[in-house]
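*Asks:* A single structure is presented below for examination.
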Amino acid sequence: MTILDGGLGRELAKRGAPFRQPEWSALAMIEAPEIVRDVHRDFIRSGAAVITTNSYALVPFHIGAERFAEQAQGLAASAGEMARAAVELEGTATKVAGSIPPLFGSYRADLFDAEHVEEIATPLINGLAPHVDFWLAETQSLIAEAVAIRELLNTLDADNKPLWVSFTLEDSEHLDVPRLRSGETVQQAVATLADLNIEAILFNCCQPEVIEQALDVAKSTLQEKDATHIKLGAYANAFPPQTKDATANDGLDEVRDDLTPPAYLVWAQKWQTQGASLIGGCCGIGPEHIQELSQHFTDTLTTDTSKTDTLTK
């Protein structure tokens with residue numbers, strides 16, 4: 001089991017980091033990057049084996065076209081530097097995932113523009129590349145954007161770092177089968193990515209309830225495609241259901257009272273039994289949740305190892 005970190009945005013806001021619309025979590029990267037570094041450190045101390053760069057909002061949708069053109073690559077580099085500094089200060093083997101965000105707005109599959117993927121993603125990739133261990137294309141709402149990112153990395157990333165892709169799921173209504181926010185099925189998404197050079201497929205920034213069924217579909221699809229080497233993962237948010245026209249960063253949404261650290265662990269345990277080996281949290285899931293996950297899965301691993309040692313003596 002690999003424990004991921006949680007959501008950065010709310011943690012930055014809690015600590016008094018600069019935080020407003022439309023910049024969202026990018027504002028801390030612009031005005032107070034040391035607070036970003038310290039949040040990363042807290043997630044590492046909580047047991048996260050992977051931390052994700054604070055590059056999610058470094059897109060024109062949040063920082064504007066002019067600032068993006070002038071500063072995007074430098075801000076992405078700073079995001080990578082802050083994550084790497086946190087690892088070095090903590091003296092751990094924590095890995096750094098380079099966040100490649102939804103390029104045209106969270107949850108908005110309808111805004112996808114294939115002609116501008118390269119223009120937006122290139123400075124982020126170039127800025128992050130020297131500082132990250134692998135790529136995480138996260139909160140992807142449709143298959144085409146994930147495929148476009150894979151193709152662009154094939155060109156830009158000379159080191160051929162591993163790529164994880166995480167899809168956000170429709171969670172505002174009951175569906176016949178689990179679907180991305182585009183309406184495409186999880187089965188279609190996983191089958192498409194299974195034919196690409198992908199190390200892991202995850203589901204994030206949606207309610208934990210919808211992830212359960214998605215993992216079942218993903219696991220069976222990978223088996224059918226003879227692609228069981230691809231890892232599965234999950235990191236849910238703590239929001240109520242989000243409507244189809246919502247964007248993840250309109251404001252600080254209310255979080256569910258029922259997703260306490262122990263309650264979130266219950267979901268994580270279910271995901272593990274369904275084959276997930278990469279588990280963390282998204283918006284509203286903080287260091288206290290990650291500590292709960294880390295403590296449980298570390299204890300479980302220690303117990304299982306002790307039992308194995310006893311049986312082999």
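Residue numbering restarts at 1 for every chain of the structure tokens, chains are lettered A, B, ... in their displayed order, and ligands are numbered from 1 as they appear.
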List every residue of region 64-241 of chain A that DSSP, applied to the backbone of this structure, places in helix (DSSP H, G or I), and write the result as a PyMOL selection string.
*Replies:* chain A and resi 65-90+109-111+114-131+143-156+186-194+208-224
*Asks:* Among region 130-203 of chain A, which ones does DSSP place in strand (DSSP E), written as a CSV table (one decimal) with N, CA, C and O atoms, in the first residue's frame?
*Replies:*
```csv
chain,number,residue,atom,x,y,z
A,134,PHE,N,7.5,11.5,-10.9
A,134,PHE,CA,6.6,11.0,-11.9
A,134,PHE,C,5.5,12.0,-12.1
A,134,PHE,O,5.4,13.0,-11.4
A,135,TRP,N,4.6,11.8,-13.1
A,135,TRP,CA,3.5,12.7,-13.4
A,135,TRP,C,2.2,12.2,-12.9
A,135,TRP,O,1.9,11.0,-12.9
A,136,LEU,N,1.3,13.1,-12.5
A,136,LEU,CA,0.0,12.8,-12.1
A,136,LEU,C,-1.0,13.7,-12.8
A,136,LEU,O,-1.1,14.9,-12.4
A,137,ALA,N,-1.6,13.2,-13.8
A,137,ALA,CA,-2.7,14.0,-14.5
A,137,ALA,C,-3.9,13.7,-13.7
A,137,ALA,O,-4.5,12.7,-13.8
A,138,GLU,N,-4.4,14.7,-13.0
A,138,GLU,CA,-5.4,14.5,-12.0
A,138,GLU,C,-6.7,15.3,-12.3
A,138,GLU,O,-6.7,16.2,-13.1
A,139,THR,N,-7.8,14.8,-11.7
A,139,THR,CA,-9.1,15.3,-11.8
A,139,THR,C,-9.5,15.5,-13.3
A,139,THR,O,-10.1,16.4,-13.8
A,140,GLN,N,-9.2,14.4,-14.1
A,140,GLN,CA,-9.5,14.4,-15.5
A,140,GLN,C,-11.0,14.1,-15.7
A,140,GLN,O,-11.4,13.1,-15.2
A,163,LEU,N,3.7,7.8,-15.6
A,163,LEU,CA,2.5,8.7,-15.6
A,163,LEU,C,1.3,8.0,-14.9
A,163,LEU,O,1.0,6.8,-15.2
A,164,TRP,N,0.8,8.6,-13.9
A,164,TRP,CA,-0.5,8.2,-13.3
A,164,TRP,C,-1.6,9.1,-13.9
A,164,TRP,O,-1.4,10.3,-14.0
A,165,VAL,N,-2.8,8.6,-14.1
A,165,VAL,CA,-3.9,9.3,-14.6
A,165,VAL,C,-5.1,9.1,-13.6
A,165,VAL,O,-5.4,8.0,-13.3
A,166,SER,N,-5.6,10.2,-13.1
A,166,SER,CA,-6.7,10.1,-12.2
A,166,SER,C,-8.0,10.8,-12.7
A,166,SER,O,-7.9,12.0,-13.1
A,167,PHE,N,-9.1,10.1,-12.8
A,167,PHE,CA,-10.3,10.6,-13.3
A,167,PHE,C,-11.3,11.0,-12.2
A,167,PHE,O,-11.3,10.4,-11.1
A,200,ALA,N,-0.4,3.9,-13.6
A,200,ALA,CA,-1.5,3.8,-12.6
A,200,ALA,C,-2.8,4.5,-13.1
A,200,ALA,O,-2.7,5.6,-13.7
A,201,ILE,N,-3.9,4.0,-12.7
A,201,ILE,CA,-5.2,4.7,-12.9
A,201,ILE,C,-5.9,4.9,-11.6
A,201,ILE,O,-6.0,3.9,-10.8
A,202,LEU,N,-6.3,6.1,-11.3
A,202,LEU,CA,-6.9,6.4,-10.0
A,202,LEU,C,-8.2,7.2,-10.3
A,202,LEU,O,-8.6,7.6,-11.4
A,203,PHE,N,-9.0,7.4,-9.2
A,203,PHE,CA,-10.2,8.1,-9.2
A,203,PHE,C,-10.1,9.1,-8.0
A,203,PHE,O,-9.8,8.8,-6.9
```
*Asks:* Could you check which of A:Thr2, A:Ser106, A:Asn204, A:Thr228 is closest to Cys283 (chain A), using only C-alpha atoms?
*Replies:*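 Nearest candidate to Cys283 (chain A) out of A:Thr2, A:Ser106, A:Asn204, A:Thr228: A:Asn204.
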*Asks:* Taking 6 positions as the minimum chain separation for residues in the same chain, which residues sit within 8 Å of region 15-30 of chain A when counting only C-alpha atoms? Answer as an MDAnalysis selection string.
*Replies:* chainID A and resid 8:9 36 54:58 61:63 75 78:79 249:251
*Asks:* With distances taken over only C-alpha atoms, which residue among A:Cys205, A:Leu12, A:Ala65, A:Leu196 lies nearest Pro33 (chain A)?
*Replies:*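 Checking each of A:Cys205, A:Leu12, A:Ala65, A:Leu196 against Pro33 (chain A), counting only C-alpha atoms, the winner is A:Leu12.
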*Asks:* At a cut-off of 10 Å, using only C-alpha atoms, what residues contact Ser220 (chain A)? Leave out same-chain residues fewer than 5 positions from it and give the result as a short mmCIF file (atom, residue, chain, number, x, y, z; two decimals) with all heavy atoms, in the first residue's frame.
*Replies:*
```
data_model
loop_
_atom_site.label_atom_id
_atom_site.label_comp_id
_atom_site.auth_asym_id
_atom_site.auth_seq_id
_atom_site.Cartn_x
_atom_site.Cartn_y
_atom_site.Cartn_z
N GLN A 187 -15.43 2.13 -17.83
CA GLN A 187 -14.94 1.01 -18.64
C GLN A 187 -14.24 1.52 -19.90
O GLN A 187 -13.15 1.05 -20.26
CB GLN A 187 -16.11 0.09 -19.02
CG GLN A 187 -15.69 -1.25 -19.63
CD GLN A 187 -15.40 -1.16 -21.12
OE1 GLN A 187 -15.93 -0.28 -21.82
NE2 GLN A 187 -14.53 -2.03 -21.62
N VAL A 190 -10.79 3.24 -18.84
CA VAL A 190 -9.75 2.30 -18.44
C VAL A 190 -9.27 1.48 -19.64
O VAL A 190 -8.07 1.24 -19.80
CB VAL A 190 -10.26 1.39 -17.31
CG1 VAL A 190 -9.23 0.30 -16.99
CG2 VAL A 190 -10.57 2.22 -16.06
N LEU A 215 -13.86 1.26 -9.05
CA LEU A 215 -12.71 0.37 -8.88
C LEU A 215 -13.04 -1.05 -9.34
O LEU A 215 -12.19 -1.72 -9.94
CB LEU A 215 -12.27 0.36 -7.42
CG LEU A 215 -11.47 1.58 -6.95
CD1 LEU A 215 -11.29 1.56 -5.44
CD2 LEU A 215 -10.10 1.64 -7.64
N LYS A 225 -8.16 -6.72 -20.44
CA LYS A 225 -7.16 -6.17 -21.35
C LYS A 225 -5.76 -6.74 -21.10
O LYS A 225 -4.80 -6.32 -21.75
CB LYS A 225 -7.10 -4.64 -21.19
CG LYS A 225 -8.39 -3.93 -21.55
CD LYS A 225 -8.61 -3.85 -23.05
CE LYS A 225 -7.63 -2.92 -23.70
NZ LYS A 225 -7.89 -2.75 -25.17
N ASP A 226 -5.66 -7.67 -20.18
CA ASP A 226 -4.37 -8.26 -19.81
C ASP A 226 -3.39 -7.15 -19.41
O ASP A 226 -2.23 -7.12 -19.85
CB ASP A 226 -3.80 -9.08 -20.97
CG ASP A 226 -2.64 -9.98 -20.54
OD1 ASP A 226 -2.58 -10.32 -19.33
OD2 ASP A 226 -1.80 -10.32 -21.39
N THR A 228 -3.02 -6.05 -15.95
CA THR A 228 -3.09 -6.01 -14.49
C THR A 228 -1.82 -5.43 -13.85
O THR A 228 -1.76 -5.25 -12.63
CB THR A 228 -3.36 -7.41 -13.91
OG1 THR A 228 -2.39 -8.32 -14.42
CG2 THR A 228 -4.75 -7.88 -14.29
#
```
*Asks:* Could you work out how far CA of Val186 (chain A) lies from CA of Ser294 (chain A), giving the answer in Å with one decimal?
*Replies:*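 About the pair CA of Ser294 (chain A) and CA of Val186 (chain A): they are 27.9 Å apart.
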*Asks:* Find the residues near Asp110 (chain A): any atom within 12 Å, counting only C-alpha atoms, skip ones fewer than 2 places away on the same chain, and give them as number ranges by chain.
*Replies:* A: 102-108, 112-114, 141-142, 144-145, 181-183, 244-247
*Asks:* Print the selection's residues with all heavy atoms to a file, as a short mmCIF file (atom, residue, chain, number, x, y, z; two decimals), in the first residue's frame.
*Replies:*
```cif
data_model
loop_
_atom_site.label_atom_id
_atom_site.label_comp_id
_atom_site.auth_asym_id
_atom_site.auth_seq_id
_atom_site.Cartn_x
_atom_site.Cartn_y
_atom_site.Cartn_z
N PRO A 102 -6.53 19.60 -14.70
CA PRO A 102 -7.44 19.81 -15.84
C PRO A 102 -7.13 21.18 -16.42
O PRO A 102 -7.18 22.19 -15.72
CB PRO A 102 -8.84 19.74 -15.20
CG PRO A 102 -8.62 19.96 -13.73
CD PRO A 102 -7.24 19.46 -13.43
N LEU A 103 -6.80 21.23 -17.68
CA LEU A 103 -6.22 22.43 -18.27
C LEU A 103 -7.24 23.54 -18.54
O LEU A 103 -6.86 24.70 -18.69
CB LEU A 103 -5.52 22.07 -19.58
CG LEU A 103 -4.42 21.00 -19.47
CD1 LEU A 103 -3.89 20.64 -20.85
CD2 LEU A 103 -3.29 21.48 -18.56
N PHE A 104 -8.52 23.18 -18.55
CA PHE A 104 -9.54 24.15 -18.94
C PHE A 104 -10.62 24.34 -17.87
O PHE A 104 -11.66 24.92 -18.14
CB PHE A 104 -10.20 23.71 -20.26
CG PHE A 104 -9.18 23.46 -21.34
CD1 PHE A 104 -8.74 22.17 -21.60
CD2 PHE A 104 -8.64 24.51 -22.06
CE1 PHE A 104 -7.78 21.93 -22.59
CE2 PHE A 104 -7.69 24.29 -23.04
CZ PHE A 104 -7.25 23.01 -23.31
N GLY A 105 -10.36 23.89 -16.65
CA GLY A 105 -11.32 24.07 -15.57
C GLY A 105 -11.80 22.74 -15.01
O GLY A 105 -12.13 21.82 -15.76
N SER A 106 -11.82 22.65 -13.68
CA SER A 106 -12.23 21.41 -13.02
C SER A 106 -13.67 21.04 -13.36
O SER A 106 -14.56 21.91 -13.37
CB SER A 106 -12.10 21.57 -11.51
OG SER A 106 -10.78 21.85 -11.13
N TYR A 107 -13.88 19.77 -13.64
CA TYR A 107 -15.20 19.18 -13.89
C TYR A 107 -15.80 19.58 -15.24
O TYR A 107 -16.89 19.14 -15.58
CB TYR A 107 -16.21 19.56 -12.80
CG TYR A 107 -15.89 19.17 -11.39
CD1 TYR A 107 -16.70 19.61 -10.34
CD2 TYR A 107 -14.80 18.37 -11.07
CE1 TYR A 107 -16.44 19.26 -9.03
CE2 TYR A 107 -14.52 18.02 -9.77
CZ TYR A 107 -15.34 18.47 -8.75
OH TYR A 107 -15.08 18.13 -7.44
N ARG A 108 -15.10 20.43 -16.00
CA ARG A 108 -15.71 21.01 -17.20
C ARG A 108 -15.20 20.32 -18.47
O ARG A 108 -14.42 20.90 -19.24
CB ARG A 108 -15.45 22.51 -17.23
CG ARG A 108 -16.11 23.28 -16.11
CD ARG A 108 -17.63 23.17 -16.15
NE ARG A 108 -18.17 23.66 -17.41
CZ ARG A 108 -18.49 24.94 -17.63
NH1 ARG A 108 -18.31 25.83 -16.66
NH2 ARG A 108 -18.99 25.31 -18.79
N PHE A 112 -13.10 21.53 -22.86
CA PHE A 112 -11.87 20.96 -23.41
C PHE A 112 -11.63 21.47 -24.82
O PHE A 112 -12.53 21.50 -25.67
CB PHE A 112 -11.96 19.43 -23.43
CG PHE A 112 -10.78 18.77 -24.08
CD1 PHE A 112 -9.53 18.80 -23.48
CD2 PHE A 112 -10.91 18.11 -25.30
CE1 PHE A 112 -8.43 18.20 -24.08
CE2 PHE A 112 -9.83 17.50 -25.90
CZ PHE A 112 -8.59 17.55 -25.28
N ASP A 113 -10.39 21.88 -25.07
CA ASP A 113 -10.00 22.44 -26.38
C ASP A 113 -8.69 21.78 -26.79
O ASP A 113 -7.60 22.18 -26.36
CB ASP A 113 -9.84 23.95 -26.26
CG ASP A 113 -9.51 24.62 -27.58
OD1 ASP A 113 -9.26 23.91 -28.57
OD2 ASP A 113 -9.49 25.87 -27.61
N ALA A 114 -8.79 20.78 -27.64
CA ALA A 114 -7.62 19.99 -28.03
C ALA A 114 -6.52 20.84 -28.65
O ALA A 114 -5.33 20.55 -28.48
CB ALA A 114 -8.05 18.90 -29.01
N SER A 141 -11.68 14.89 -16.47
CA SER A 141 -13.11 14.70 -16.66
C SER A 141 -13.47 13.94 -17.92
O SER A 141 -14.63 13.56 -18.09
CB SER A 141 -13.82 16.06 -16.69
OG SER A 141 -13.75 16.72 -15.46
N LEU A 142 -12.51 13.77 -18.81
CA LEU A 142 -12.80 13.10 -20.07
C LEU A 142 -11.57 12.37 -20.58
O LEU A 142 -10.44 12.70 -20.21
CB LEU A 142 -13.31 14.08 -21.12
CG LEU A 142 -12.32 15.03 -21.78
CD1 LEU A 142 -12.93 15.63 -23.04
CD2 LEU A 142 -11.90 16.15 -20.83
N ALA A 144 -10.28 12.18 -23.65
CA ALA A 144 -9.44 12.85 -24.65
C ALA A 144 -8.33 13.67 -24.02
O ALA A 144 -7.20 13.70 -24.53
CB ALA A 144 -10.31 13.75 -25.54
N GLU A 145 -8.59 14.33 -22.89
CA GLU A 145 -7.54 15.14 -22.27
C GLU A 145 -6.44 14.26 -21.71
O GLU A 145 -5.25 14.59 -21.84
CB GLU A 145 -8.13 16.04 -21.18
CG GLU A 145 -7.10 17.01 -20.63
CD GLU A 145 -7.72 18.15 -19.82
OE1 GLU A 145 -8.94 18.38 -19.93
OE2 GLU A 145 -6.96 18.81 -19.08
N ARG A 181 -17.17 12.66 -15.57
CA ARG A 181 -18.07 13.81 -15.63
C ARG A 181 -18.44 14.18 -17.07
O ARG A 181 -19.39 14.93 -17.30
CB ARG A 181 -17.46 14.99 -14.88
CG ARG A 181 -17.31 14.70 -13.38
CD ARG A 181 -16.90 15.90 -12.59
NE ARG A 181 -16.59 15.55 -11.21
CZ ARG A 181 -17.48 15.51 -10.21
NH1 ARG A 181 -18.75 15.77 -10.45
NH2 ARG A 181 -17.10 15.19 -8.99
N SER A 182 -17.72 13.65 -18.03
CA SER A 182 -18.05 13.82 -19.44
C SER A 182 -19.24 12.97 -19.86
O SER A 182 -19.81 13.18 -20.93
CB SER A 182 -16.85 13.43 -20.31
OG SER A 182 -16.55 12.05 -20.10
N GLY A 183 -19.59 11.97 -19.04
CA GLY A 183 -20.60 10.99 -19.42
C GLY A 183 -20.01 9.70 -19.95
O GLY A 183 -20.71 8.68 -20.06
N LYS A 244 -23.54 19.04 -12.47
CA LYS A 244 -22.80 18.95 -13.73
C LYS A 244 -22.15 20.26 -14.14
O LYS A 244 -21.13 20.27 -14.82
CB LYS A 244 -23.75 18.48 -14.85
CG LYS A 244 -24.13 17.01 -14.77
CD LYS A 244 -25.00 16.64 -15.94
CE LYS A 244 -25.40 15.17 -15.91
NZ LYS A 244 -24.26 14.28 -16.05
N ASP A 245 -22.75 21.39 -13.75
CA ASP A 245 -22.18 22.68 -14.15
C ASP A 245 -21.27 23.28 -13.08
O ASP A 245 -20.86 24.44 -13.16
CB ASP A 245 -23.29 23.68 -14.50
CG ASP A 245 -24.23 23.93 -13.32
OD1 ASP A 245 -24.12 23.22 -12.30
OD2 ASP A 245 -25.08 24.84 -13.44
N ALA A 246 -20.93 22.47 -12.06
CA ALA A 246 -20.05 22.96 -10.99
C ALA A 246 -18.61 22.98 -11.47
O ALA A 246 -18.21 22.27 -12.39
CB ALA A 246 -20.16 22.07 -9.77
N THR A 247 -17.82 23.84 -10.83
CA THR A 247 -16.37 23.76 -10.97
C THR A 247 -15.81 23.57 -9.57
O THR A 247 -16.37 24.08 -8.60
CB THR A 247 -15.77 25.03 -11.61
OG1 THR A 247 -16.13 26.15 -10.83
CG2 THR A 247 -16.27 25.20 -13.03
#
```
*Asks:* Would you please work out which residue, of A:Met1, A:Phe239, A:Ala97, A:Pro60, is nearest to Gln269 (chain A) when using only C-alpha atoms?
*Replies:* A:Met1
*Asks:* Identify, on the basis of only C-alpha atoms, every residue whose closest approach to Lys161 (chain A) does not exceed 10 Å; exclude the query and any residue fewer than 5 positions from it along the same chain; express the result as an NGL selection string.
*Replies:* :A and (129 or 132-135 or 153-154 or 199)
*Asks:* Store the residues picked out above in a file with N, CA and C atoms, as an mmCIF file, in the first residue's frame.
*Replies:*
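Contents of selection37.cif, freshly written:
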```
data_model
loop_
_atom_site.group_PDB
_atom_site.id
_atom_site.type_symbol
_atom_site.label_atom_id
_atom_site.label_comp_id
_atom_site.auth_asym_id
_atom_site.auth_seq_id
_atom_site.Cartn_x
_atom_site.Cartn_y
_atom_site.Cartn_z
ATOM 1 N N ALA A 129 9.440 19.399 -14.452
ATOM 2 C CA ALA A 129 10.225 18.212 -14.803
ATOM 3 C C ALA A 129 11.482 17.982 -13.973
ATOM 4 N N VAL A 132 10.363 16.480 -10.137
ATOM 5 C CA VAL A 132 9.362 15.454 -9.801
ATOM 6 C C VAL A 132 9.850 14.062 -10.176
ATOM 7 N N ASP A 133 9.264 13.078 -9.489
ATOM 8 C CA ASP A 133 9.620 11.680 -9.737
ATOM 9 C C ASP A 133 8.727 11.041 -10.784
ATOM 10 N N PHE A 134 7.490 11.518 -10.868
ATOM 11 C CA PHE A 134 6.565 11.016 -11.881
ATOM 12 C C PHE A 134 5.459 12.046 -12.073
ATOM 13 N N TRP A 135 4.598 11.798 -13.066
ATOM 14 C CA TRP A 135 3.522 12.722 -13.413
ATOM 15 C C TRP A 135 2.184 12.207 -12.896
ATOM 16 N N LEU A 153 3.543 14.215 -23.219
ATOM 17 C CA LEU A 153 4.669 13.773 -22.400
ATOM 18 C C LEU A 153 5.629 12.904 -23.199
ATOM 19 N N ASN A 154 5.097 12.136 -24.133
ATOM 20 C CA ASN A 154 5.968 11.323 -24.983
ATOM 21 C C ASN A 154 6.968 12.191 -25.727
ATOM 22 N N GLU A 199 1.244 4.002 -15.756
ATOM 23 C CA GLU A 199 1.623 3.180 -14.604
ATOM 24 C C GLU A 199 0.473 2.948 -13.645
#
```
*Asks:* Using only C-alpha atoms, can you tell me which of A:Pro240, A:Pro162, A:Pro261, A:Gly233 comes closest to Leu278 (chain A)?
*Replies:*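 Answer, going by the shortest atom-to-atom distance: A:Gly233.
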*Asks:* What's the separation between CA of Leu180 (chain A) and CA of Ile211 (chain A), in Å to one decimal place?
*Replies:*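 It comes out at 10.9 Å.
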*Asks:* In Å, with one decimal, what is the gap from CA of Ala69 (chain A) to CA of Ala83 (chain A)?
*Replies:* 23.0 Å
*Asks:* Counting only C-alpha atoms, which of A:Glu115, A:Glu209, A:Glu173, A:Asp195 gets nearest to Ile230 (chain A)?
*Replies:*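 When distances to Ile230 (chain A) are compared using only C-alpha atoms, the smallest one comes from A:Asp195.
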*Asks:* Residues near Ile51 (chain A), anyone? I mean within 9 Å using only C-alpha atoms, not counting same-chain ones fewer than 5 positions away, as number ranges by chain.
*Replies:* A: 4-6, 40, 43-44, 83, 87, 94-98
*Asks:* Would you save the residues from that selection as a CSV table (one decimal), in the first residue's frame, using C-alpha atoms?
*Replies:*
```csv
chain,number,residue,atom,x,y,z
A,4,LEU,CA,-0.7,9.6,-0.9
A,5,ASP,CA,-1.2,13.1,0.6
A,6,GLY,CA,-4.5,15.0,0.9
A,40,HIS,CA,3.9,19.4,2.2
A,43,PHE,CA,1.6,15.5,5.0
A,44,ILE,CA,5.0,13.8,5.0
A,83,ALA,CA,7.8,19.9,-2.8
A,87,VAL,CA,11.2,16.0,1.2
A,94,THR,CA,8.9,10.5,-0.2
A,95,LYS,CA,8.2,10.7,-3.9
A,96,VAL,CA,7.0,13.9,-5.6
A,97,ALA,CA,4.2,13.7,-8.1
A,98,GLY,CA,4.0,16.5,-10.7
```
*Asks:* Nearest to Asp171 (chain A): which of A:Ala234, A:Ala214, A:Ala86, A:Ala13 is it, counting only C-alpha atoms?
*Replies:*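 Of A:Ala234, A:Ala214, A:Ala86, A:Ala13, the one nearest Asp171 (chain A) is A:Ala214, counting only C-alpha atoms.
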